[in-house]
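Asks: Okay, so here is my_file_18.txt, and as you'll see once you scroll down, it has compact mmCIF, C-alpha atoms.
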# COMPACT_ATOMS: atom_id res chain seq x y z
CA GLY A 911 -44.83 -49.18 51.60
CA LEU A 912 -44.07 -49.37 47.89
CA PHE A 913 -45.36 -45.81 47.41
CA VAL A 914 -43.15 -44.44 50.18
CA TRP A 915 -40.15 -46.38 48.85
CA ARG A 916 -40.71 -44.99 45.31
CA LEU A 917 -41.18 -41.46 46.63
CA ARG A 918 -37.88 -41.65 48.49
CA ASN A 919 -35.99 -42.99 45.44
CA THR A 920 -37.34 -40.35 43.07
CA GLY A 921 -36.64 -37.57 45.64
CA THR A 922 -33.03 -38.58 46.11
CA GLN A 923 -32.49 -38.83 42.35
CA GLN A 924 -34.03 -35.42 41.56
CA MET A 925 -32.40 -33.61 44.51
CA PRO A 926 -29.27 -32.34 42.62
CA CYS A 927 -31.36 -30.99 39.77
CA ARG A 928 -33.63 -29.13 42.19
CA PHE A 929 -30.64 -27.53 43.95
CA VAL A 930 -29.29 -26.25 40.63
CA HIS A 931 -32.67 -24.84 39.69
CA LEU A 932 -33.01 -23.06 43.05
CA TYR A 933 -29.50 -21.56 42.64
CA HIS A 934 -30.38 -20.06 39.25
CA VAL A 935 -33.62 -18.61 40.56
CA ALA A 936 -31.86 -17.10 43.58
CA SER A 937 -29.08 -15.63 41.48
CA ASP A 938 -31.62 -13.98 39.19
CA ARG A 939 -33.64 -12.50 42.04
CA LEU A 940 -30.81 -11.55 44.47
CA ILE A 941 -29.11 -8.14 44.20
CA THR A 942 -25.34 -8.29 43.53
CA PHE A 943 -22.73 -5.99 45.09
CA GLN A 944 -22.08 -4.16 41.83
CA TYR A 945 -25.80 -3.58 41.33
CA SER A 946 -26.11 -2.14 44.83
CA ASN A 947 -23.22 0.29 44.15
CA PHE A 948 -24.92 1.35 40.94
CA LEU A 949 -28.16 2.08 42.82
CA LYS A 950 -26.25 4.04 45.41
CA ARG A 951 -24.63 6.26 42.78
CA MET A 952 -27.96 6.84 41.10
CA TYR A 953 -29.49 7.93 44.42
CA VAL A 954 -26.65 10.35 45.12
CA THR A 955 -26.75 12.00 41.72
CA GLN A 956 -30.53 12.25 41.33
CA CYS A 957 -32.10 12.52 44.80
CA ASN A 958 -29.40 14.20 46.89
CA ARG A 959 -27.55 16.62 44.59
CA ASP A 960 -25.59 18.23 47.46
CA LEU A 961 -23.55 15.07 47.86
CA SER A 962 -22.55 14.95 44.19
CA GLN A 963 -19.15 16.21 43.00
CA ARG A 964 -19.16 19.49 41.16
CA ALA A 965 -16.35 20.93 38.99
CA LYS A 966 -15.22 24.30 40.19
CA PRO A 967 -14.84 26.71 37.27
CA LYS A 968 -11.34 28.15 36.79
CA PRO A 969 -11.17 31.93 36.96
CA ASP A 970 -10.09 33.66 33.77
CA SER A 971 -6.54 34.93 33.87
CA ILE A 972 -5.86 38.49 33.01
CA VAL A 973 -2.69 37.64 31.02
CA SER A 974 -2.44 34.56 28.85
CA PRO A 975 0.08 31.87 29.87
CA PHE A 976 2.05 32.42 26.68
CA HIS A 977 2.74 36.06 27.57
CA GLU A 978 3.63 35.09 31.14
CA LEU A 979 6.21 32.54 29.97
CA GLN A 980 7.59 35.02 27.47
CA GLN A 981 8.01 37.64 30.20
CA LEU A 982 9.76 35.11 32.45
CA ASP A 983 12.16 34.14 29.68
CA GLN A 984 12.96 37.76 28.97
CA GLU A 985 13.63 38.40 32.65
CA LYS A 986 15.99 35.41 32.79
CA LYS A 987 17.87 36.42 29.64
CA ALA A 988 18.02 40.10 30.49
CA VAL A 989 21.30 41.81 31.31
CA HIS A 990 21.55 45.33 32.61
CA LYS A 991 23.89 47.43 30.58
CA ILE A 992 26.40 49.46 32.59
CA SER A 993 27.43 52.76 31.14
CA PRO A 994 31.19 53.29 30.76
CA VAL A 995 32.86 55.61 33.25
CA SER A 996 35.73 57.74 32.06
CA PRO A 997 38.72 58.58 34.28
CA VAL A 998 38.68 61.83 36.23
CA HIS A 999 41.82 63.27 34.71
CA GLN A 1000 40.70 62.72 31.09
CA SER A 1001 37.96 64.52 29.22
CA TRP A 1002 35.20 62.94 27.16
CA SER A 1003 36.73 64.18 23.93
CA GLU A 1004 39.99 62.39 24.66
CA THR A 1005 38.63 59.03 25.76
CA LEU A 1006 35.60 58.47 23.58
CA SER A 1007 35.07 58.72 19.90
CA ARG A 1008 31.86 59.99 18.38
CA ASN A 1009 30.23 56.58 18.14
CA GLU A 1010 31.19 55.68 21.68
CA LEU A 1011 29.88 59.05 22.90
CA ARG A 1012 26.50 58.36 21.33
CA GLU A 1013 26.37 54.95 22.97
CA ALA A 1014 27.31 56.48 26.32
CA LYS A 1015 24.57 59.10 26.07
CA SER A 1016 21.95 56.54 25.16
CA ALA A 1017 23.13 54.32 28.02
CA ALA A 1018 22.95 57.24 30.47
CA GLU A 1019 19.42 58.08 29.37
CA SER A 1020 18.23 54.48 29.67
CA SER A 1021 20.47 53.24 32.48
CA ASP A 1022 17.56 51.37 34.03
CA SER A 1023 16.53 49.77 30.77
CA VAL A 1024 16.99 46.10 30.07
CA ILE A 1025 18.84 44.71 27.02
CA PRO A 1026 18.45 41.06 26.00
CA VAL A 1027 21.49 38.86 25.49
CA GLY A 1028 20.57 38.05 21.88
CA ALA A 1029 20.64 41.72 20.91
CA GLU A 1030 24.02 42.38 19.32
CA SER A 1031 25.44 45.57 18.04
CA LYS A 1032 25.27 46.33 14.34
CA GLU A 1033 29.04 46.15 13.97
CA ASP A 1034 29.18 42.62 15.42
CA ARG A 1035 26.56 41.35 13.02
CA GLN A 1036 28.40 42.64 9.96
CA TRP A 1037 31.12 40.68 8.11
CA LYS A 1038 34.59 42.00 8.70
CA GLU A 1039 36.93 41.98 5.74
CA MET A 1040 40.41 40.65 6.50
CA LYS A 1041 43.02 42.70 4.72
CA LEU A 1042 46.02 40.85 3.34
CA ARG A 1043 49.35 42.57 3.90
CA LEU A 1044 52.37 41.83 1.77
CA ASP A 1045 54.47 41.32 4.90
CA ASP A 1046 52.23 38.46 6.04
CA LEU A 1047 51.99 36.79 2.64
CA PRO A 1048 55.21 34.69 2.88
CA GLY A 1049 54.16 33.22 6.23
CA ILE A 1050 50.63 32.50 4.97
CA LEU A 1051 51.95 30.76 1.85
CA ALA A 1052 54.40 28.78 3.97
CA ARG A 1053 51.55 27.49 6.14
CA LEU A 1054 49.43 26.85 3.05
CA SER A 1055 52.15 24.67 1.54
CA LYS A 1056 52.93 22.92 4.87
CA ILE A 1057 56.55 23.99 4.79
CA LYS A 1058 57.70 21.47 7.42
CA LEU A 1059 56.21 18.55 5.52
CA THR A 1060 57.70 19.91 2.30
CA ALA A 1061 61.12 20.09 3.95
CA LEU A 1062 60.79 16.43 4.98
CA VAL A 1063 59.88 15.46 1.40
CA VAL A 1064 62.87 17.34 0.00
CA SER A 1065 65.21 15.74 2.54
CA THR A 1066 64.07 12.22 1.64
CA THR A 1067 64.51 13.07 -2.05
CA SER A 1068 68.04 14.25 -1.30
CA ALA A 1069 68.73 11.00 0.57
CA GLY A 1070 67.59 8.98 -2.42
CA PHE A 1071 69.81 11.04 -4.70
CA ALA A 1072 72.79 10.62 -2.37
CA MET A 1073 72.31 6.86 -2.08
CA ALA A 1074 72.31 6.36 -5.84
CA PRO A 1075 75.44 4.50 -7.09
CA VAL A 1076 76.58 7.35 -9.35
CA PRO A 1077 78.89 10.33 -8.97
CA PHE A 1078 77.29 13.38 -7.39
CA GLU A 1079 76.12 16.15 -9.75
CA LEU A 1080 75.28 19.42 -8.05
CA THR A 1081 73.15 20.87 -10.86
CA CYS A 1082 70.98 17.77 -11.16
CA PHE A 1083 70.68 17.60 -7.38
CA LEU A 1084 69.49 21.21 -7.08
CA LEU A 1085 66.98 20.85 -9.92
CA ALA A 1086 65.59 17.63 -8.45
CA SER A 1087 65.28 19.14 -4.97
CA LEU A 1088 63.65 22.35 -6.24
CA GLY A 1089 61.23 20.54 -8.51
CA THR A 1090 60.23 18.09 -5.77
CA GLY A 1091 59.72 20.94 -3.30
CA LEU A 1092 57.49 22.87 -5.71
CA ALA A 1093 55.45 19.74 -6.45
CA SER A 1094 55.01 19.14 -2.71
CA CYS A 1095 53.88 22.75 -2.16
CA ALA A 1096 51.29 22.39 -4.93
CA ALA A 1097 49.94 19.10 -3.55
CA ASN A 1098 49.64 20.47 -0.01
CA SER A 1099 47.90 23.64 -1.16
CA ILE A 1100 45.32 21.70 -3.17
CA ASN A 1101 44.79 19.40 -0.20
CA GLN A 1102 43.98 22.35 2.07
CA PHE A 1103 41.69 23.82 -0.61
CA PHE A 1104 39.56 20.67 -0.60
CA GLU A 1105 39.47 20.22 3.19
CA VAL A 1106 38.41 23.69 4.37
CA PRO A 1107 34.96 22.65 5.77
CA PHE A 1108 36.49 19.65 7.55
CA ASP A 1109 39.55 21.45 8.90
CA SER A 1110 37.31 24.06 10.53
CA ASN A 1111 35.96 21.38 12.91
CA MET A 1112 39.38 20.26 14.16
CA ASN A 1113 41.48 22.03 16.76
CA ARG A 1114 44.71 21.06 14.98
CA THR A 1115 43.71 22.59 11.64
CA LYS A 1116 41.23 25.34 12.49
CA ASN A 1117 43.93 28.04 12.22
CA ARG A 1118 44.97 27.22 8.66
CA PRO A 1119 44.97 30.19 6.27
CA LEU A 1120 41.99 29.12 4.16
CA VAL A 1121 39.93 28.24 7.23
CA ARG A 1122 40.51 31.63 8.84
CA GLY A 1123 40.00 33.48 5.57
CA GLN A 1124 43.49 34.96 5.52
CA ILE A 1125 43.76 34.05 1.84
CA SER A 1126 41.12 33.55 -0.80
CA PRO A 1127 40.52 30.14 -2.42
CA LEU A 1128 41.29 31.61 -5.85
CA LEU A 1129 44.68 32.84 -4.66
CA ALA A 1130 45.39 29.43 -3.12
CA VAL A 1131 44.60 27.64 -6.39
CA CYS A 1132 46.74 30.11 -8.33
CA PHE A 1133 49.61 29.53 -5.91
CA ALA A 1134 49.24 25.75 -6.31
CA ALA A 1135 49.29 26.07 -10.10
CA SER A 1136 52.30 28.40 -10.02
CA CYS A 1137 54.18 25.81 -7.96
CA GLY A 1138 53.01 22.60 -9.61
CA ILE A 1139 53.49 23.48 -13.28
CA PRO A 1140 57.08 24.83 -12.95
CA GLY A 1141 57.96 22.00 -10.56
CA ILE A 1142 56.91 19.25 -12.97
CA ALA A 1143 58.55 21.14 -15.84
CA LEU A 1144 61.85 21.31 -13.93
CA LEU A 1145 61.73 17.59 -13.12
CA THR A 1146 60.85 16.62 -16.69
CA LEU A 1147 63.09 18.97 -18.68
CA GLY A 1148 65.89 19.63 -16.23
CA VAL A 1149 66.28 16.12 -14.75
CA ASN A 1150 64.56 13.34 -16.76
CA SER A 1151 61.11 12.31 -17.89
CA LEU A 1152 60.86 9.41 -15.39
CA THR A 1153 61.31 11.72 -12.42
CA GLY A 1154 58.81 14.21 -13.85
CA ALA A 1155 56.24 11.44 -14.36
CA LEU A 1156 56.72 10.27 -10.77
CA GLY A 1157 56.26 13.84 -9.51
CA ALA A 1158 53.03 14.33 -11.48
CA PHE A 1159 51.74 10.93 -10.36
CA ASN A 1160 52.48 11.79 -6.73
CA ILE A 1161 50.50 15.05 -6.96
CA PHE A 1162 47.56 13.17 -8.47
CA LEU A 1163 47.78 10.41 -5.86
CA TYR A 1164 47.86 12.87 -2.95
CA THR A 1165 45.12 15.24 -4.10
CA CYS A 1166 42.70 12.98 -5.99
CA CYS A 1167 43.09 9.65 -4.14
CA TYR A 1168 44.42 10.21 -0.61
CA THR A 1169 42.42 13.37 0.17
CA PRO A 1170 38.90 12.00 -0.59
CA LEU A 1171 39.76 8.58 0.88
CA LYS A 1172 40.33 10.19 4.29
CA ARG A 1173 36.54 10.49 4.68
CA MET A 1174 35.66 7.15 3.08
CA SER A 1175 37.94 4.31 4.21
CA ILE A 1176 40.91 3.51 6.43
CA ALA A 1177 42.76 2.55 3.23
CA ASN A 1178 43.81 6.21 3.07
CA THR A 1179 46.71 5.44 5.42
CA TRP A 1180 48.21 2.91 3.00
CA VAL A 1181 47.71 5.29 0.04
CA GLY A 1182 49.33 8.10 2.02
CA ALA A 1183 52.27 5.83 2.80
CA VAL A 1184 52.78 5.26 -0.94
CA VAL A 1185 52.76 9.05 -1.43
CA GLY A 1186 55.50 9.41 1.18
CA ALA A 1187 57.55 6.57 -0.31
CA ILE A 1188 57.79 8.10 -3.81
CA PRO A 1189 60.11 11.10 -3.05
CA PRO A 1190 63.25 8.98 -2.27
CA ILE A 1191 62.51 6.98 -5.43
CA MET A 1192 62.41 10.28 -7.33
CA GLY A 1193 65.82 11.17 -5.92
CA TRP A 1194 67.21 7.82 -7.07
CA THR A 1195 65.72 8.14 -10.56
CA ALA A 1196 66.98 11.72 -10.81
CA ALA A 1197 70.54 10.49 -10.26
CA THR A 1198 70.46 7.24 -12.25
CA GLY A 1199 67.65 7.70 -14.75
CA SER A 1200 66.35 4.20 -14.00
CA LEU A 1201 64.14 2.46 -11.46
CA ASP A 1202 66.38 -0.09 -9.73
CA ALA A 1203 66.07 -2.35 -6.71
CA GLY A 1204 67.83 0.25 -4.57
CA ALA A 1205 65.11 2.79 -5.32
CA LEU A 1206 62.44 0.30 -4.29
CA LEU A 1207 64.34 -0.47 -1.08
CA LEU A 1208 64.50 3.22 -0.13
CA GLY A 1209 60.83 3.56 -0.93
CA GLY A 1210 60.08 0.51 1.22
CA ILE A 1211 61.94 2.00 4.19
CA LEU A 1212 59.97 5.25 3.91
CA TYR A 1213 56.77 3.27 3.43
CA SER A 1214 57.22 1.24 6.62
CA TRP A 1215 58.47 4.20 8.65
CA GLN A 1216 55.28 6.19 8.05
CA PHE A 1217 53.00 3.70 9.83
CA PRO A 1218 54.50 4.01 13.34
CA HIS A 1219 54.94 7.73 12.73
CA PHE A 1220 51.39 8.51 11.59
CA ASN A 1221 49.55 5.90 13.68
CA ALA A 1222 51.17 7.20 16.85
CA LEU A 1223 50.32 10.77 15.83
CA SER A 1224 46.70 9.95 14.99
CA TRP A 1225 46.21 8.10 18.30
CA GLY A 1226 46.45 11.35 20.22
CA LEU A 1227 44.19 13.13 17.71
CA ARG A 1228 41.31 10.65 17.68
CA GLU A 1229 38.78 13.17 18.97
CA ASP A 1230 39.85 15.70 16.35
CA TYR A 1231 39.64 13.22 13.49
CA SER A 1232 36.24 12.01 14.67
CA ARG A 1233 34.98 15.59 14.92
CA GLY A 1234 36.29 16.38 11.45
CA GLY A 1235 34.66 13.32 9.90
CA TYR A 1236 37.88 11.56 8.90
CA CYS A 1237 37.93 7.77 8.74
CA MET A 1238 41.20 6.83 10.47
CA MET A 1239 42.40 3.55 11.91
CA SER A 1240 42.84 5.09 15.33
CA VAL A 1241 39.13 6.05 15.37
CA THR A 1242 37.39 3.09 13.73
CA HIS A 1243 39.91 0.24 14.23
CA PRO A 1244 42.13 1.05 17.25
CA GLY A 1245 43.43 -2.51 17.59
CA LEU A 1246 44.45 -2.64 13.94
CA CYS A 1247 46.15 0.75 14.31
CA ARG A 1248 48.46 -0.57 17.03
CA ARG A 1249 49.14 -3.88 15.25
CA VAL A 1250 50.08 -2.18 11.99
CA ALA A 1251 52.45 0.20 13.79
CA LEU A 1252 54.25 -2.68 15.51
CA ARG A 1253 54.34 -4.75 12.32
CA HIS A 1254 56.11 -2.05 10.33
CA CYS A 1255 58.52 -1.28 13.16
CA LEU A 1256 59.71 -4.87 12.84
CA ALA A 1257 59.73 -4.55 9.04
CA LEU A 1258 62.38 -1.82 9.32
CA ILE A 1259 64.79 -4.40 10.74
CA GLY A 1260 64.21 -6.72 7.79
CA LEU A 1261 64.54 -3.93 5.21
CA SER A 1262 67.83 -2.80 6.76
CA THR A 1263 69.13 -6.36 6.42
CA VAL A 1264 68.18 -6.48 2.71
CA ALA A 1265 70.30 -3.41 1.87
CA PRO A 1266 73.71 -5.23 1.79
CA VAL A 1267 72.09 -8.15 -0.03
CA LEU A 1268 71.16 -5.78 -2.88
CA ASN A 1269 74.73 -4.43 -2.85
CA ILE A 1270 73.63 -0.94 -1.78
CA THR A 1271 75.44 -0.77 1.58
CA THR A 1272 78.04 -2.78 3.40
CA TRP A 1273 77.22 -5.40 6.00
CA THR A 1274 78.00 -2.94 8.77
CA PHE A 1275 74.73 -1.09 8.07
CA PRO A 1276 72.39 -3.79 9.51
CA VAL A 1277 74.64 -4.08 12.56
CA ILE A 1278 74.86 -0.34 13.27
CA SER A 1279 71.17 0.31 12.55
CA LEU A 1280 70.02 -2.61 14.69
CA PRO A 1281 69.96 -0.70 18.03
CA ILE A 1282 67.79 2.16 16.75
CA ASN A 1283 65.51 -0.28 14.92
CA LEU A 1284 65.18 -2.38 18.06
CA TYR A 1285 64.40 0.71 20.13
CA ILE A 1286 61.59 1.88 17.84
CA SER A 1287 60.29 -1.71 17.77
CA TYR A 1288 60.27 -1.73 21.57
CA LEU A 1289 58.29 1.52 21.63
CA GLY A 1290 55.94 0.06 19.02
CA PHE A 1291 55.40 -2.94 21.30
CA ARG A 1292 54.72 -0.63 24.25
CA PHE A 1293 52.20 1.25 22.14
CA TYR A 1294 50.55 -2.04 21.12
CA ARG A 1295 50.39 -3.27 24.71
CA ASP A 1296 49.47 -0.12 26.65
CA ALA A 1297 47.34 1.69 24.04
CA ASP A 1298 47.56 5.05 25.82
CA ARG A 1299 48.63 8.56 24.93
CA SER A 1300 51.96 8.32 26.72
CA SER A 1301 53.18 5.35 24.70
CA SER A 1302 51.92 6.83 21.43
CA ARG A 1303 53.68 10.11 22.16
CA ARG A 1304 56.97 8.34 22.83
CA LEU A 1305 56.71 6.38 19.60
CA PHE A 1306 55.91 9.53 17.63
CA PHE A 1307 58.85 11.53 18.97
CA CYS A 1308 61.14 8.55 18.42
CA SER A 1309 60.10 8.40 14.78
CA LEU A 1310 61.12 12.04 14.32
CA TRP A 1311 64.79 11.31 14.97
CA HIS A 1312 64.78 7.68 13.85
CA LEU A 1313 64.39 8.39 10.12
CA PRO A 1314 67.21 10.96 9.73
CA MET A 1315 69.46 8.76 11.91
CA LEU A 1316 68.71 5.67 9.80
CA LEU A 1317 69.31 7.50 6.51
CA LEU A 1318 72.56 9.00 7.84
CA VAL A 1319 73.85 5.58 8.91
CA MET A 1320 72.80 4.18 5.55
CA PHE A 1321 74.71 6.91 3.74
CA THR A 1322 77.87 6.35 5.79
CA CYS A 1323 77.71 2.60 5.03
CA LYS A 1324 77.08 3.15 1.33
CA LYS A 1325 79.29 1.26 -1.08
CA SER A 1326 81.59 3.51 -3.08
CA VAL A 1327 81.22 3.96 -6.81
CA LEU A 1328 84.71 2.57 -7.52
CA GLU A 1329 83.96 -0.69 -5.69
CA LYS A 1330 80.81 -1.21 -7.72
CA GLU A 1331 82.63 -0.35 -10.91
CA ASP A 1332 85.30 -2.97 -10.24
CA LYS A 1333 82.63 -5.58 -9.61
CA GLY A 1334 80.66 -4.50 -12.72
CA ASP A 1335 77.48 -3.70 -10.74
CA LEU A 1336 76.94 -0.21 -12.12
CA PRO A 1337 74.16 0.43 -14.64
CA GLY A 1338 75.10 1.57 -18.13
CA ARG A 1339 74.72 5.30 -17.63
CA SER A 1340 76.36 5.23 -14.22
CA HIS A 1341 79.24 3.15 -15.51
CA GLU A 1342 79.95 5.69 -18.26
CA ARG A 1343 79.95 8.56 -15.75
CA ALA A 1344 82.34 6.72 -13.48
CA MET A 1345 84.69 6.00 -16.39
CA GLU A 1346 84.67 9.67 -17.35
CA ILE A 1347 85.67 10.66 -13.84
CA ARG A 1348 88.55 8.17 -13.66
CA LEU A 1349 90.03 9.33 -16.97
CA PRO A 1350 92.83 11.89 -16.59
Turn the structure described in the file into structure tokens.

Replies:
Amino acid sequence: GLFVWRLRNTGTQQMPCRFVHLYHVASDRLITFQYSNFLKRMYVTQCNRDLSQRAKPKPDSIVSPFHELQQLDQEKKAVHKISPVSPVHQSWSETLSRNELREAKSAAESSDSVIPVGAESKEDRQWKEMKLRLDDLPGILARLSKIKLTALVVSTTSAGFAMAPVPFELTCFLLASLGTGLASCAANSINQFFEVPFDSNMNRTKNRPLVRGQISPLLAVCFAASCGIPGIALLTLGVNSLTGALGAFNIFLYTCCYTPLKRMSIANTWVGAVVGAIPPIMGWTAATGSLDAGALLLGGILYSWQFPHFNALSWGLREDYSRGGYCMMSVTHPGLCRRVALRHCLALIGLSTVAPVLNITTWTFPVISLPINLYISYLGFRFYRDADRSSSRRLFFCSLWHLPMLLLVMFTCKKSVLEKEDKGDLPGRSHERAMEIRLP
């Protein structure tokens, strides 16, 4: 009994170990599914070769694929040339020249031939020289100097001269206007000379004379020099040295600072506004010979006016400026472009109110100019809110008549020379001129 009991206990204790051992032995001796698939493939490939997969050799092509593709491309790009047909009532000698007759004969002989699109005639591949006629030269030079912009500069200079608190002198006025106009022509010509590769990418400037090759760069530089040197000489010797220095500084600021900044930073707009604000200051200094608070006020009005004017213009030309590589607010900072335009529209109201405080105009000027300043401010707000081409176009066209209207109202509300003389507000030179006029 003890032997049976011990045999049972040892059997039950060693049972799990025996099961594990039997599992390992069975797993080593049994054939797995992967091993059976391997044996099947070996049987197919070695014993029964008919069941194995064989690669079918590709027949050799007569023409290489490269030549086939080339022939297809030529067929797609081929255009059949049609020989010209002359009218019945005209002879060949009347309708065709010698060169055209040769082309017609060759076309008749090879009417079924095929001509690729890329094949151009010899005349089209050659450079064509543009001949400059003397009749076209004045118009070309006018476009080179931006005659409309020059006229605006001269008009603002005349407004500054007229607003000066001194008696009007016709000779000084004509010299100042002529010198300022020549300086503006020189600055604009140099600007176009530097911007030829960039203007060629813009629809607005691609027809300029230097871009189209209507005038040579050397002739443009000579024209700029022939305008700039006499213009600065007239302002310096014929008017006064202060006006001549301002004219030379404005040419430098426009050509050497504003022009390269247009492709570097949006600060070019503020520099360009300073360039546009200097001409009325030059008119004031030409009349008085000094830089007074009135000159700075006129410059401030022109400075603020340029932001709604130019920002509204550049908003509709964003694609052009981006294509030309110019860094403008309307392209890189559209929100800032609209805010700056509205801000300076409101600044015009404040600057108009400062004019009677500085004893330049009467107190009727802020009242009369308030409606037009409020209207341009309203259009500036519409441009800021809507940010579309319609609102920018309205603001731009409003700025075209707003500036001459504001300067005209300012001139009509100007304080007379006699009133300032009685109050003792005239500068020394102006006071002497007024005394000379009042003497019998």

Asks: Dig up all the protein and nucleic acid residues within 12 Å of (60.1, -2.1, 17.0) in the file frame, using only C-alpha atoms, and format them as a PDB file with C-alpha atoms, keeping the file's coordinate frame.

Replies:
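Writing the result to result-v1.pdb gives the following:
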ATOM      1  CA  SER A1214      57.220   1.240   6.620  1.00  0.00           C
ATOM      2  CA  TRP A1215      58.470   4.200   8.650  1.00  0.00           C
ATOM      3  CA  PHE A1217      53.000   3.700   9.830  1.00  0.00           C
ATOM      4  CA  PRO A1218      54.500   4.010  13.340  1.00  0.00           C
ATOM      5  CA  HIS A1219      54.940   7.730  12.730  1.00  0.00           C
ATOM      6  CA  ARG A1248      48.460  -0.570  17.030  1.00  0.00           C
ATOM      7  CA  ARG A1249      49.140  -3.880  15.250  1.00  0.00           C
ATOM      8  CA  VAL A1250      50.080  -2.180  11.990  1.00  0.00           C
ATOM      9  CA  ALA A1251      52.450   0.200  13.790  1.00  0.00           C
ATOM     10  CA  LEU A1252      54.250  -2.680  15.510  1.00  0.00           C
ATOM     11  CA  ARG A1253      54.340  -4.750  12.320  1.00  0.00           C
ATOM     12  CA  HIS A1254      56.110  -2.050  10.330  1.00  0.00           C
ATOM     13  CA  CYS A1255      58.520  -1.280  13.160  1.00  0.00           C
ATOM     14  CA  LEU A1256      59.710  -4.870  12.840  1.00  0.00           C
ATOM     15  CA  ALA A1257      59.730  -4.550   9.040  1.00  0.00           C
ATOM     16  CA  LEU A1258      62.380  -1.820   9.320  1.00  0.00           C
ATOM     17  CA  ILE A1259      64.790  -4.400  10.740  1.00  0.00           C
ATOM     18  CA  GLY A1260      64.210  -6.720   7.790  1.00  0.00           C
ATOM     19  CA  LEU A1280      70.020  -2.610  14.690  1.00  0.00           C
ATOM     20  CA  PRO A1281      69.960  -0.700  18.030  1.00  0.00           C
ATOM     21  CA  ILE A1282      67.790   2.160  16.750  1.00  0.00           C
ATOM     22  CA  ASN A1283      65.510  -0.280  14.920  1.00  0.00           C
ATOM     23  CA  LEU A1284      65.180  -2.380  18.060  1.00  0.00           C
ATOM     24  CA  TYR A1285      64.400   0.710  20.130  1.00  0.00           C
ATOM     25  CA  ILE A1286      61.590   1.880  17.840  1.00  0.00           C
ATOM     26  CA  SER A1287      60.290  -1.710  17.770  1.00  0.00           C
ATOM     27  CA  TYR A1288      60.270  -1.730  21.570  1.00  0.00           C
ATOM     28  CA  LEU A1289      58.290   1.520  21.630  1.00  0.00           C
ATOM     29  CA  GLY A1290      55.940   0.060  19.020  1.00  0.00           C
ATOM     30  CA  PHE A1291      55.400  -2.940  21.300  1.00  0.00           C
ATOM     31  CA  ARG A1292      54.720  -0.630  24.250  1.00  0.00           C
ATOM     32  CA  PHE A1293      52.200   1.250  22.140  1.00  0.00           C
ATOM     33  CA  TYR A1294      50.550  -2.040  21.120  1.00  0.00           C
ATOM     34  CA  LEU A1305      56.710   6.380  19.600  1.00  0.00           C
ATOM     35  CA  CYS A1308      61.140   8.550  18.420  1.00  0.00           C
ATOM     36  CA  SER A1309      60.100   8.400  14.780  1.00  0.00           C
ATOM     37  CA  HIS A1312      64.780   7.680  13.850  1.00  0.00           C
TER      38      HIS A1312
END

Asks: Which residues are close to range 1192-1209 of chain A, i.e. within 9 Å by all atoms listed in the file, leaving aside same-chain residues fewer than 4 positions away? Reply as a PyMOL selection string.

Replies: chain A and resi 1066-1079+1082-1083+1086-1087+1090+1145+1149-1154+1156-1157+1184+1186-1188+1213-1214+1261-1262+1264-1265+1268-1270+1337+1339-1340

Asks: At what distance in Å, to one decimal, does CA of Ala1093 in chain A lie from CA of Pro1140 in chain A?

Replies: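 Spanning CA of Pro1140 in chain A to CA of Ala1093 in chain A is a straight-line distance of 8.4 Å.
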
Asks: Find the spatial neighbours of Thr1242 in chain A, counting all atoms listed in the file, within a cut-off of 12 Å - ignore same-chain residues fewer than 5 positions away - and output them as an mmCIF file with C-alpha atoms, in the frame of the given file.

Replies:
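Contents of part23.cif, as written:
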data_model
loop_
_atom_site.group_PDB
_atom_site.id
_atom_site.type_symbol
_atom_site.label_atom_id
_atom_site.label_comp_id
_atom_site.auth_asym_id
_atom_site.auth_seq_id
_atom_site.Cartn_x
_atom_site.Cartn_y
_atom_site.Cartn_z
ATOM 1 C CA ARG A 1173 36.540 10.490 4.680
ATOM 2 C CA MET A 1174 35.660 7.150 3.080
ATOM 3 C CA SER A 1175 37.940 4.310 4.210
ATOM 4 C CA ILE A 1176 40.910 3.510 6.430
ATOM 5 C CA ALA A 1177 42.760 2.550 3.230
ATOM 6 C CA SER A 1224 46.700 9.950 14.990
ATOM 7 C CA TRP A 1225 46.210 8.100 18.300
ATOM 8 C CA ARG A 1228 41.310 10.650 17.680
ATOM 9 C CA GLU A 1229 38.780 13.170 18.970
ATOM 10 C CA TYR A 1231 39.640 13.220 13.490
ATOM 11 C CA SER A 1232 36.240 12.010 14.670
ATOM 12 C CA GLY A 1235 34.660 13.320 9.900
ATOM 13 C CA TYR A 1236 37.880 11.560 8.900
ATOM 14 C CA CYS A 1237 37.930 7.770 8.740
ATOM 15 C CA CYS A 1247 46.150 0.750 14.310
#

Asks: Report, in Å with one decimal, the straight-line distance from CA of Ala1096 in chain A to CA of Cys1137 in chain A.

Replies: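 So the two atoms, CA of Ala1096 in chain A and CA of Cys1137 in chain A, lie 5.4 Å apart.
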
Asks: Between CA of Gly1123 in chain A and CA of Leu1227 in chain A, measure the distance and give it in Å to one decimal.

Replies: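 One can read the CA of Gly1123 in chain A to CA of Leu1227 in chain A distance as 24.1 Å.
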
Asks: For Leu1042 in chain A, which residue among A:Val1064, A:Leu1129, A:Ile1139, A:Ile1161 is the nearest when counting only C-alpha atoms?

Replies: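 Among the listed residues, the smallest separation from Leu1042 in chain A belongs to A:Leu1129.
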
Asks: Contacts of Ala1134 in chain A at 12 Å or less, counting all atoms listed in the file, minus same-chain residues fewer than 3 places along, as JSON, numbers by chain?

Replies: {"A": [1051, 1052, 1054, 1055, 1091, 1092, 1093, 1094, 1095, 1096, 1097, 1098, 1099, 1100, 1101, 1102, 1103, 1127, 1128, 1129, 1130, 1131, 1137, 1138, 1139, 1140, 1141, 1161, 1165]}
